[in-house]
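Undergrad: My structure is stored as upload-v8.csv, with CSV, C-alpha atoms.
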chain,number,residue,atom,x,y,z
A,235,MET,CA,8.5,-8.4,17.7
A,236,ASP,CA,8.7,-10.4,14.5
A,237,LEU,CA,11.9,-10.5,12.5
A,238,LEU,CA,10.7,-8.0,9.8
A,239,LYS,CA,9.7,-5.4,12.4
A,240,LYS,CA,13.1,-5.9,14.0
A,241,ILE,CA,14.9,-5.4,10.7
A,242,ILE,CA,13.0,-2.3,9.9
A,243,ALA,CA,13.7,-0.8,13.4
A,244,THR,CA,17.4,-1.5,12.9
A,245,LYS,CA,17.3,0.0,9.4
A,246,LYS,CA,15.7,3.3,10.7
A,247,ARG,CA,18.5,3.6,13.2
A,248,GLU,CA,21.1,2.9,10.5
A,249,ILE,CA,19.6,5.6,8.2
A,250,GLU,CA,19.6,8.2,11.0
A,251,LYS,CA,23.2,7.4,11.7
A,252,SER,CA,24.1,7.8,8.1
A,253,LYS,CA,22.3,11.1,7.9
A,254,LYS,CA,24.4,12.4,10.8
A,255,LYS,CA,27.6,11.5,8.9
A,256,LYS,CA,26.2,12.9,5.6
A,257,SER,CA,23.0,14.9,5.5
A,258,LEU,CA,20.2,14.4,2.9
A,259,VAL,CA,21.2,17.8,1.4
A,260,GLN,CA,24.8,16.7,1.1
A,261,ILE,CA,24.0,13.4,-0.6
A,262,GLN,CA,21.6,15.1,-3.0
A,263,LYS,CA,24.4,17.5,-3.9
A,264,GLU,CA,26.7,14.5,-4.5
A,265,CYS,CA,24.2,13.0,-6.8
A,266,ARG,CA,24.0,16.2,-8.8
A,267,GLU,CA,27.8,16.3,-9.1
A,268,TYR,CA,27.8,12.6,-10.0
A,269,PHE,CA,25.4,13.2,-13.0
A,270,LYS,CA,27.3,16.3,-14.0
A,271,ASN,CA,30.6,14.5,-14.1
A,272,LYS,CA,29.4,11.2,-15.4
A,273,LYS,CA,31.5,10.3,-18.4
A,274,ASN,CA,29.2,7.8,-20.0
A,275,LYS,CA,25.6,9.0,-20.1
A,276,ASN,CA,24.3,5.8,-21.7
A,277,ASP,CA,25.7,3.1,-19.3
A,278,PHE,CA,22.3,2.4,-17.7
A,279,ARG,CA,21.5,-1.3,-17.7
A,280,SER,CA,17.8,-2.1,-17.7
A,281,LEU,CA,16.6,-4.8,-15.3
A,282,LYS,CA,13.3,-4.8,-17.1
A,283,GLN,CA,14.8,-5.4,-20.6
A,284,ALA,CA,17.2,-8.0,-19.2
A,285,ILE,CA,14.2,-10.0,-17.8
A,286,ILE,CA,12.3,-9.7,-21.1
A,287,ASN,CA,15.3,-10.6,-23.2
A,288,GLY,CA,16.1,-13.6,-20.9
A,289,LYS,CA,13.3,-15.7,-22.5
A,290,PRO,CA,11.7,-18.1,-21.7
A,291,LEU,CA,12.4,-16.4,-18.4
A,292,GLY,CA,14.9,-14.0,-16.9
A,293,LEU,CA,17.0,-15.0,-14.0
A,294,ILE,CA,18.2,-12.7,-11.2
A,295,ALA,CA,21.1,-14.4,-9.4
A,296,GLU,CA,21.7,-13.0,-6.0
A,297,ILE,CA,24.9,-12.4,-4.1
A,298,LYS,CA,23.7,-13.5,-0.7
A,299,LEU,CA,26.4,-14.4,1.9
A,300,ALA,CA,24.1,-15.0,4.9
A,301,SER,CA,20.5,-14.9,6.0
A,302,PRO,CA,18.7,-14.7,9.4
A,303,SER,CA,17.0,-18.0,8.8
A,304,ALA,CA,20.0,-20.0,7.4
A,305,GLY,CA,23.0,-18.2,8.8
A,306,GLN,CA,26.2,-18.2,6.8
A,307,LEU,CA,25.6,-19.6,3.3
A,308,THR,CA,29.1,-19.8,1.8
A,309,ASN,CA,32.7,-19.4,2.5
A,310,LEU,CA,33.2,-17.5,-0.7
A,311,GLY,CA,33.5,-13.7,-0.8
A,312,TYR,CA,31.2,-11.5,-2.9
A,313,ILE,CA,34.0,-10.8,-5.4
A,314,ASP,CA,34.4,-14.6,-6.0
A,315,ILE,CA,30.6,-15.0,-6.5
A,316,ALA,CA,30.4,-11.9,-8.8
A,317,ARG,CA,33.2,-13.4,-11.0
A,318,GLN,CA,31.2,-16.6,-11.4
A,319,TYR,CA,28.0,-14.7,-12.2
A,320,ALA,CA,29.7,-12.5,-14.7
A,321,LYS,CA,30.5,-15.6,-16.8
A,322,SER,CA,27.1,-17.2,-16.3
A,323,LYS,CA,23.8,-17.0,-18.1
A,324,ALA,CA,22.3,-14.9,-15.2
A,325,ASP,CA,20.4,-12.0,-16.7
A,326,VAL,CA,20.6,-9.7,-13.6
A,327,VAL,CA,22.8,-9.7,-10.6
A,328,SER,CA,21.2,-8.9,-7.2
A,329,VAL,CA,23.4,-7.7,-4.3
A,330,LEU,CA,22.1,-7.9,-0.8
A,331,THR,CA,23.4,-4.7,0.9
A,332,ASP,CA,22.0,-5.1,4.4
A,333,SER,CA,25.0,-5.5,6.8
A,334,THR,CA,23.3,-6.4,10.1
A,335,TYR,CA,21.2,-9.4,9.0
A,336,PHE,CA,22.7,-10.5,5.6
A,337,ASN,CA,26.4,-9.6,5.9
A,338,GLY,CA,26.2,-7.3,2.9
A,339,GLN,CA,27.5,-3.8,2.2
A,340,ILE,CA,26.4,-1.0,-0.1
A,341,ALA,CA,30.0,-0.7,-1.2
A,342,TYR,CA,29.7,-4.1,-2.8
A,343,LEU,CA,27.4,-2.6,-5.6
A,344,GLU,CA,30.1,-0.5,-7.4
A,345,LYS,CA,32.7,-3.3,-7.1
A,346,VAL,CA,30.2,-5.9,-8.5
A,347,ARG,CA,29.3,-3.6,-11.3
A,348,LYS,CA,32.9,-3.4,-12.4
A,349,ILE,CA,33.0,-7.2,-12.7
A,350,CYS,CA,29.5,-8.1,-14.0
A,351,PRO,CA,28.1,-7.0,-17.4
A,352,GLN,CA,24.5,-7.6,-16.2
A,353,PRO,CA,22.2,-5.0,-14.6
A,354,ILE,CA,23.0,-4.6,-10.9
A,355,PHE,CA,20.0,-4.7,-8.5
A,356,ARG,CA,20.2,-3.4,-5.0
A,357,LYS,CA,18.3,-5.6,-2.6
A,358,ASP,CA,17.7,-4.1,0.8
A,359,PHE,CA,15.0,-2.7,3.1
A,360,ILE,CA,14.5,0.7,1.5
A,361,ILE,CA,12.2,2.9,3.5
A,362,ASP,CA,13.6,6.4,3.0
A,363,SER,CA,14.5,8.6,0.0
A,364,TYR,CA,18.0,8.9,1.4
A,365,GLN,CA,18.6,5.2,0.4
A,366,ILE,CA,17.6,6.0,-3.2
A,367,TYR,CA,20.4,8.6,-3.4
A,368,GLU,CA,22.8,6.1,-1.9
A,369,THR,CA,21.8,3.6,-4.6
A,370,VAL,CA,22.6,6.1,-7.4
A,371,LEU,CA,26.0,6.9,-5.9
A,372,ALA,CA,26.7,3.1,-5.5
A,373,GLN,CA,26.1,2.7,-9.2
A,374,ALA,CA,23.2,0.2,-9.1
A,375,ASP,CA,20.6,0.2,-11.9
A,376,ALA,CA,17.6,-0.9,-9.9
A,377,TYR,CA,16.4,-1.3,-6.3
A,378,LEU,CA,13.9,-3.2,-4.2
A,379,LEU,CA,10.8,-1.8,-2.4
A,380,ILE,CA,8.9,-4.1,0.0
A,381,ALA,CA,5.2,-3.1,-0.1
A,382,SER,CA,4.4,-4.6,3.3
A,383,VAL,CA,6.7,-2.1,5.1
A,384,LEU,CA,5.6,1.0,3.2
A,385,THR,CA,2.3,2.8,2.6
A,386,ALA,CA,0.9,3.1,-1.0
A,387,LYS,CA,2.0,6.7,-1.1
A,388,GLU,CA,5.5,5.9,0.1
A,389,VAL,CA,5.8,3.2,-2.6
A,390,LYS,CA,4.7,5.7,-5.3
A,391,ASN,CA,7.0,8.5,-4.1
A,392,LEU,CA,10.0,6.2,-3.9
A,393,ILE,CA,9.3,4.8,-7.4
A,394,GLN,CA,9.0,8.3,-8.8
A,395,LEU,CA,12.2,9.5,-7.1
A,396,GLY,CA,14.0,6.5,-8.6
A,397,LYS,CA,12.7,7.2,-12.1
A,398,LYS,CA,13.8,10.9,-11.7
A,399,LEU,CA,17.3,9.6,-10.9
A,400,GLY,CA,17.4,7.1,-13.7
A,401,LEU,CA,16.7,3.9,-11.7
A,402,GLU,CA,14.2,1.1,-12.1
A,403,CYS,CA,12.3,-0.4,-9.2
A,404,LEU,CA,11.0,-3.8,-8.4
A,405,VAL,CA,8.1,-3.7,-5.9
A,406,GLU,CA,7.9,-6.9,-3.8
A,407,ILE,CA,4.5,-8.2,-2.6
A,408,HIS,CA,3.3,-11.2,-0.6
A,409,ASN,CA,-0.5,-10.8,-0.5
A,410,GLU,CA,-3.4,-8.9,-2.1
A,411,ALA,CA,-3.0,-5.9,0.2
A,412,ASP,CA,0.6,-5.5,-1.0
A,413,LEU,CA,-0.5,-5.9,-4.6
A,414,LYS,CA,-3.0,-3.2,-4.3
A,415,LYS,CA,-0.2,-0.8,-3.1
A,416,ALA,CA,2.0,-1.8,-6.0
A,417,LEU,CA,-0.8,-1.2,-8.6
A,418,GLU,CA,-1.8,2.1,-7.0
A,419,ALA,CA,1.9,3.2,-7.3
A,420,ASN,CA,1.9,2.0,-11.0
A,421,ALA,CA,4.8,-0.4,-10.4
A,422,GLU,CA,6.0,-1.8,-13.7
A,423,ILE,CA,8.0,-4.7,-12.2
A,424,ILE,CA,6.3,-6.7,-9.4
A,425,GLY,CA,8.1,-9.4,-7.4
A,426,ILE,CA,6.0,-12.0,-5.6
A,427,ASN,CA,7.9,-13.2,-2.5
A,428,ASN,CA,6.9,-16.8,-1.7
A,429,ARG,CA,8.4,-16.3,1.7
A,430,ASP,CA,6.3,-14.7,4.4
A,431,LEU,CA,8.7,-12.3,6.0
A,432,LYS,CA,6.8,-12.4,9.2
A,433,THR,CA,7.0,-16.1,9.7
A,434,MET,CA,9.8,-16.9,7.2
A,435,LYS,CA,7.7,-19.8,5.8
A,436,ILE,CA,7.9,-20.5,2.1
A,437,ASN,CA,5.0,-21.5,-0.2
A,438,LEU,CA,5.4,-21.4,-4.0
A,439,ASP,CA,1.6,-21.4,-4.3
A,440,THR,CA,1.8,-17.7,-3.3
A,441,THR,CA,3.0,-16.9,-6.9
A,442,GLU,CA,0.1,-18.9,-8.3
A,443,LYS,CA,-2.4,-17.1,-6.2
A,444,LEU,CA,-1.2,-13.6,-6.9
A,445,ALA,CA,0.1,-13.8,-10.5
A,446,LYS,CA,-3.3,-14.3,-11.9
A,447,LEU,CA,-4.4,-11.0,-10.3
A,448,ILE,CA,-1.6,-8.9,-11.9
A,449,PRO,CA,-2.3,-7.1,-15.2
A,450,LYS,CA,-0.6,-8.8,-18.2
A,451,GLU,CA,1.5,-5.7,-19.1
A,452,LYS,CA,3.4,-6.0,-15.8
A,453,ILE,CA,6.7,-7.8,-15.4
A,454,ILE,CA,6.3,-10.6,-12.8
A,455,ILE,CA,9.2,-12.0,-10.8
A,456,SER,CA,8.8,-15.0,-8.5
A,457,GLU,CA,11.2,-14.9,-5.4
A,458,SER,CA,12.2,-17.4,-2.7
A,459,GLY,CA,12.0,-21.2,-2.5
A,460,ILE,CA,13.1,-21.8,-6.0
A,461,ASN,CA,15.5,-24.8,-5.9
A,462,MET,CA,15.2,-26.8,-9.1
A,463,HIS,CA,13.9,-26.6,-12.7
A,464,GLY,CA,10.7,-28.4,-11.6
A,465,ASP,CA,9.9,-25.4,-9.5
A,466,VAL,CA,10.6,-23.1,-12.5
A,467,GLU,CA,8.3,-25.2,-14.8
A,468,LYS,CA,5.5,-24.9,-12.2
A,469,LEU,CA,6.0,-21.1,-12.0
A,470,LEU,CA,6.2,-20.6,-15.7
A,471,LYS,CA,2.7,-22.0,-16.1
A,472,ARG,CA,1.5,-19.1,-13.8
A,473,GLY,CA,2.7,-16.5,-16.3
A,474,ILE,CA,5.8,-15.2,-14.6
A,475,ASN,CA,8.6,-13.4,-16.5
A,476,GLY,CA,11.5,-14.2,-14.3
A,477,ILE,CA,12.8,-15.6,-11.0
A,478,LEU,CA,15.1,-14.3,-8.3
A,479,VAL,CA,17.3,-17.0,-6.8
A,480,GLY,CA,19.9,-16.7,-4.1
A,481,THR,CA,20.4,-19.7,-1.7
A,482,ALA,CA,20.0,-22.5,-4.3
A,483,ILE,CA,22.7,-21.0,-6.5
A,484,ILE,CA,25.1,-19.9,-3.7
A,485,LYS,CA,25.0,-23.4,-2.1
A,486,SER,CA,25.4,-25.3,-5.3
A,487,LYS,CA,28.7,-26.9,-6.3
A,488,ASN,CA,28.8,-25.0,-9.6
A,489,MET,CA,26.9,-21.8,-9.7
A,490,ALA,CA,27.0,-21.4,-13.5
A,491,ASN,CA,25.7,-25.0,-13.9
A,492,LYS,CA,22.9,-24.3,-11.4
A,493,ILE,CA,21.8,-21.2,-13.3
A,494,ASN,CA,21.8,-23.3,-16.5
A,495,GLU,CA,19.7,-26.0,-14.8
A,496,LEU,CA,17.2,-23.4,-13.6
A,497,LYS,CA,17.0,-21.8,-17.1
A,498,LYS,CA,17.2,-25.3,-18.7
A,499,LEU,CA,20.2,-24.3,-20.8
A,500,LYS,CA,23.0,-26.7,-21.9
Once more with this new file: its structure as structure tokens, please.

TA:
Amino acid sequence: MDLLKKIIATKKREIEKSKKKKSLVQIQKECREYFKNKKNKNDFRSLKQAIINGKPLGLIAEIKLASPSAGQLTNLGYIDIARQYAKSKADVVSVLTDSTYFNGQIAYLEKVRKICPQPIFRKDFIIDSYQIYETVLAQADAYLLIASVLTAKEVKNLIQLGKKLGLECLVEIHNEADLKKALEANAEIIGINNRDLKTMKINLDTTEKLAKLIPKEKIIISESGINMHGDVEKLLKRGINGILVGTAIIKSKNMANKINELKKLK
């Protein structure tokens, strides 16, 4: 079994466990109550607008404590990282919420939101509508869908549910089959993962190959393997709108300076 299949199998078990503690009906009810009692109706932070406004490119900085391929990435806690991102030129803050493989927690989202003024993006392996309701209650603004682990219909349904609940969605692709699903689902924000999640190998040419096939009106984000501004310059020539960077920022001596380097800001 490759790593991605293993992760998805684990995620299915985790979701079923969560549903036993709190049913889908109950979490839907909690969402209705959340919207009913929400004091500020206009506190949504748009990932899409943040990327557009981050010209020449938007940068999504990721809170990533560990990964299956690299192990523990930092001795800092997520709060420490969030405080650094809050003061940086990052346009969006991504929070990895998978606990088993990335040492994340969904509870991090609400706490990071209180620290960071940027849009908060939930990065996880979302395969069930239950997780969308979780994302709302955790006060994220947007979430990830990975096309390779979903059918085109599932991608479409999960995007539509998110829209109904006031969230934006980034659909991640790695090949033309994934792109077809994203376009069929009318995804507005498309992330090109340069990492093959089956082999974990990275190739920045994946962005070059796929970006030219994506309609101009879509927002394109390049993900994985972006380490220096030279990588960014190469990607910008391919027509991308933004980048998502985790490891290179987390492992840098100064996170704000690394973000400035990638965006080429003084």

Undergrad: If you count only C-alpha atoms, which residues fall within 12 Å of A:Ser333, apart from same-chain ones fewer than 6 positions away, as a count of residues only?

TA: 16

Undergrad: Name the residues in contact with stretch 414-416 of chain A at a cut-off of 9 Å, using only C-alpha atoms, excluding same-chain residues fewer than 4 positions from it; report them as a list in words.

TA: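 Counting only C-alpha atoms, the residues come to Ala381, Ser382, Leu384, Thr385, Ala386, Lys387, Val389, Lys390, Val405, Glu406, Ile407, Asn409, Glu410, Asn420, Ala421, Glu422 and Ile424 of chain A.
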
Undergrad: Which residues come within 10 Å of A:Leu371, counting all atoms listed in the file, excluding same-chain residues fewer than 6 positions away, as a PDB file with C-alpha atoms, in the frame of the given file?

TA:
ATOM      1  CA  ILE A 261      24.000  13.400  -0.600  1.00  0.00           C
ATOM      2  CA  GLN A 262      21.600  15.100  -3.000  1.00  0.00           C
ATOM      3  CA  GLU A 264      26.700  14.500  -4.500  1.00  0.00           C
ATOM      4  CA  CYS A 265      24.200  13.000  -6.800  1.00  0.00           C
ATOM      5  CA  ARG A 266      24.000  16.200  -8.800  1.00  0.00           C
ATOM      6  CA  TYR A 268      27.800  12.600 -10.000  1.00  0.00           C
ATOM      7  CA  PHE A 269      25.400  13.200 -13.000  1.00  0.00           C
ATOM      8  CA  ILE A 340      26.400  -1.000  -0.100  1.00  0.00           C
ATOM      9  CA  ALA A 341      30.000  -0.700  -1.200  1.00  0.00           C
ATOM     10  CA  LEU A 343      27.400  -2.600  -5.600  1.00  0.00           C
ATOM     11  CA  GLU A 344      30.100  -0.500  -7.400  1.00  0.00           C
ATOM     12  CA  GLN A 365      18.600   5.200   0.400  1.00  0.00           C
TER      13      GLN A 365
END

Undergrad: In terms of the shortest atom-to-atom distance over all atoms listed in the file, which of A:Leu447, A:Ile484, A:Leu496, A:Cys403 is closest to A:Tyr319?

TA: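 Among A:Leu447, A:Ile484, A:Leu496, A:Cys403, it is A:Ile484 that comes nearest to A:Tyr319.
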
Undergrad: Taking into account all atoms listed in the file, which residue in the set A:Pro449, A:Glu388, A:Leu444, A:Ile436 is nearest to A:Leu417?

TA: A:Pro449

Undergrad: Do you have the atom CA of A:Pro290-atom CA of A:Val346 distance handy?

TA: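 Between these atoms lies a distance of 25.8 Å.
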
Undergrad: Quick one: residues within 7 Å of (15.9, -17.2, -11.9) (file frame), counting all atoms listed in the file, please, as an MDAnalysis selection string.

TA: chainID A and resid 292:295 476:479 496
